[in-house]
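> Let me give you the structure first, and then I'll get to my questions.
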Amino acid sequence: MVIPNAPIGKPVEHPHATAVLFLGALSVLCCGLTGPVAWALGKRALDQIEESGGAYGGHTQVVVGFILGVIGTILMVVMAVLFLVVLLGGG
């Protein structure tokens, strides 16, 4: 049975899969500013992987990077709020 428009062979890793994973991990470990970037890049890469019909791989890397980007963004916001509370709270 031949499926039309189905890619032949192993899927190619999405070009941004490793970058999303790296930026997401970086956002959690030290630099929260990369979190929104990983979040946006990850969402775009996930959409492209789903639209490719199996031509792009790297779905797991992108999902992990996306989730780490969300967590890094949340941590960045929490730390900014705590910093403002301490700064304005005085003492």
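Going through the structure tokens in order, the chains are called A, B, and so on, while each chain numbers its residues from 1 and the ligands are numbered from 1 in the order shown.
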Set the distance at 12 Å and use only C-alpha atoms: which residues neighbour Lys43 (chain A) once local chain neighbours fewer than 2 positions away are removed? I'd like the list as a PDB file with C-alpha atoms, in the first residue's frame.

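Final output, selection.pdb:
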ATOM      1  CA  HIS A  16      15.567  24.297  15.600  1.00  0.00           C
ATOM      2  CA  ALA A  17      15.138  21.206  17.800  1.00  0.00           C
ATOM      3  CA  VAL A  20      15.011  24.989  21.568  1.00  0.00           C
ATOM      4  CA  PRO A  36      10.365  33.200  26.230  1.00  0.00           C
ATOM      5  CA  VAL A  37      12.626  32.651  23.217  1.00  0.00           C
ATOM      6  CA  ALA A  38      12.597  28.881  23.777  1.00  0.00           C
ATOM      7  CA  TRP A  39       8.844  29.055  24.328  1.00  0.00           C
ATOM      8  CA  ALA A  40       8.170  30.888  21.038  1.00  0.00           C
ATOM      9  CA  LEU A  41      10.685  28.905  18.976  1.00  0.00           C
ATOM     10  CA  ALA A  45       8.825  24.170  15.667  1.00  0.00           C
ATOM     11  CA  LEU A  46       6.047  21.962  17.086  1.00  0.00           C
ATOM     12  CA  ASP A  47       3.580  23.404  14.590  1.00  0.00           C
ATOM     13  CA  GLN A  48       6.009  22.794  11.722  1.00  0.00           C
ATOM     14  CA  ILE A  49       6.708  19.225  12.851  1.00  0.00           C
ATOM     15  CA  GLU A  50       2.983  18.439  12.976  1.00  0.00           C
ATOM     16  CA  HIS A  59       9.536  16.163  18.500  1.00  0.00           C
ATOM     17  CA  VAL A  62      11.301  20.368  21.057  1.00  0.00           C
ATOM     18  CA  VAL A  63       8.698  19.407  23.671  1.00  0.00           C
ATOM     19  CA  VAL A  64      11.318  19.193  26.430  1.00  0.00           C
ATOM     20  CA  GLY A  65      12.831  22.543  25.401  1.00  0.00           C
ATOM     21  CA  PHE A  66       9.378  24.128  25.189  1.00  0.00           C
ATOM     22  CA  ILE A  67       8.443  22.933  28.689  1.00  0.00           C
ATOM     23  CA  GLY A  69      11.232  27.457  28.457  1.00  0.00           C
ATOM     24  CA  VAL A  70       7.833  27.791  30.123  1.00  0.00           C
TER      25      VAL A  70
END
> Excluding Gly72 (chain A) and its own-chain neighbours fewer than 4 positions away, which residues fall within 8 Å of it when counting only C-alpha atoms? Please give them as a VMD selection string.
chain A and resid 24 27 to 28 32 34 to 35 68 76
> Which of these, A:Leu75, A:Ser52, A:Arg44, A:Leu82, has the shortest distance to Cys31 (chain A) once you count only C-alpha atoms?
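Nearest to Cys31 (chain A): A:Leu75.
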> Under the rule that only C-alpha atoms are counted, which of A:Leu88, A:Leu33, A:Ala80, A:Ala55 is the nearest residue to Pro11 (chain A)?
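Of A:Leu88, A:Leu33, A:Ala80, A:Ala55, the one nearest Pro11 (chain A), counting only C-alpha atoms, is A:Ala55.
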> Which distance in Å separates CA of Leu26 (chain A) and CA of Leu87 (chain A), to one decimal?
26.2 Å
> Restricting the calculation to only C-alpha atoms: of A:Ile74, A:Val81, A:Leu29, A:His14, which residue gets closest to Thr60 (chain A)?
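Once distances to Thr60 (chain A) are computed over only C-alpha atoms, the minimum belongs to A:His14.
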> As an MDAnalysis selection string, which residues of chain A does DSSP assign to strand (DSSP E or B)?
chainID A and resid 12:13 56:57
> If you run DSSP on this backbone, which residues of chain A come out as alpha helix (DSSP H), and could you give them as a PyMOL selection string?
chain A and resi 17-29+34-51+59-89
> In Å to one decimal, how far is CA of Glu13 (chain A) from CA of Ala25 (chain A)?
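Result for CA of Ala25 (chain A) versus CA of Glu13 (chain A): 18.8 Å, one decimal.
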> So, with only C-alpha atoms as the atoms that count, which of A:Cys30, A:Gly9, A:Gly42, A:Met79 lies closest to Gly58 (chain A)?
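The closest residue to Gly58 (chain A) is A:Gly42.
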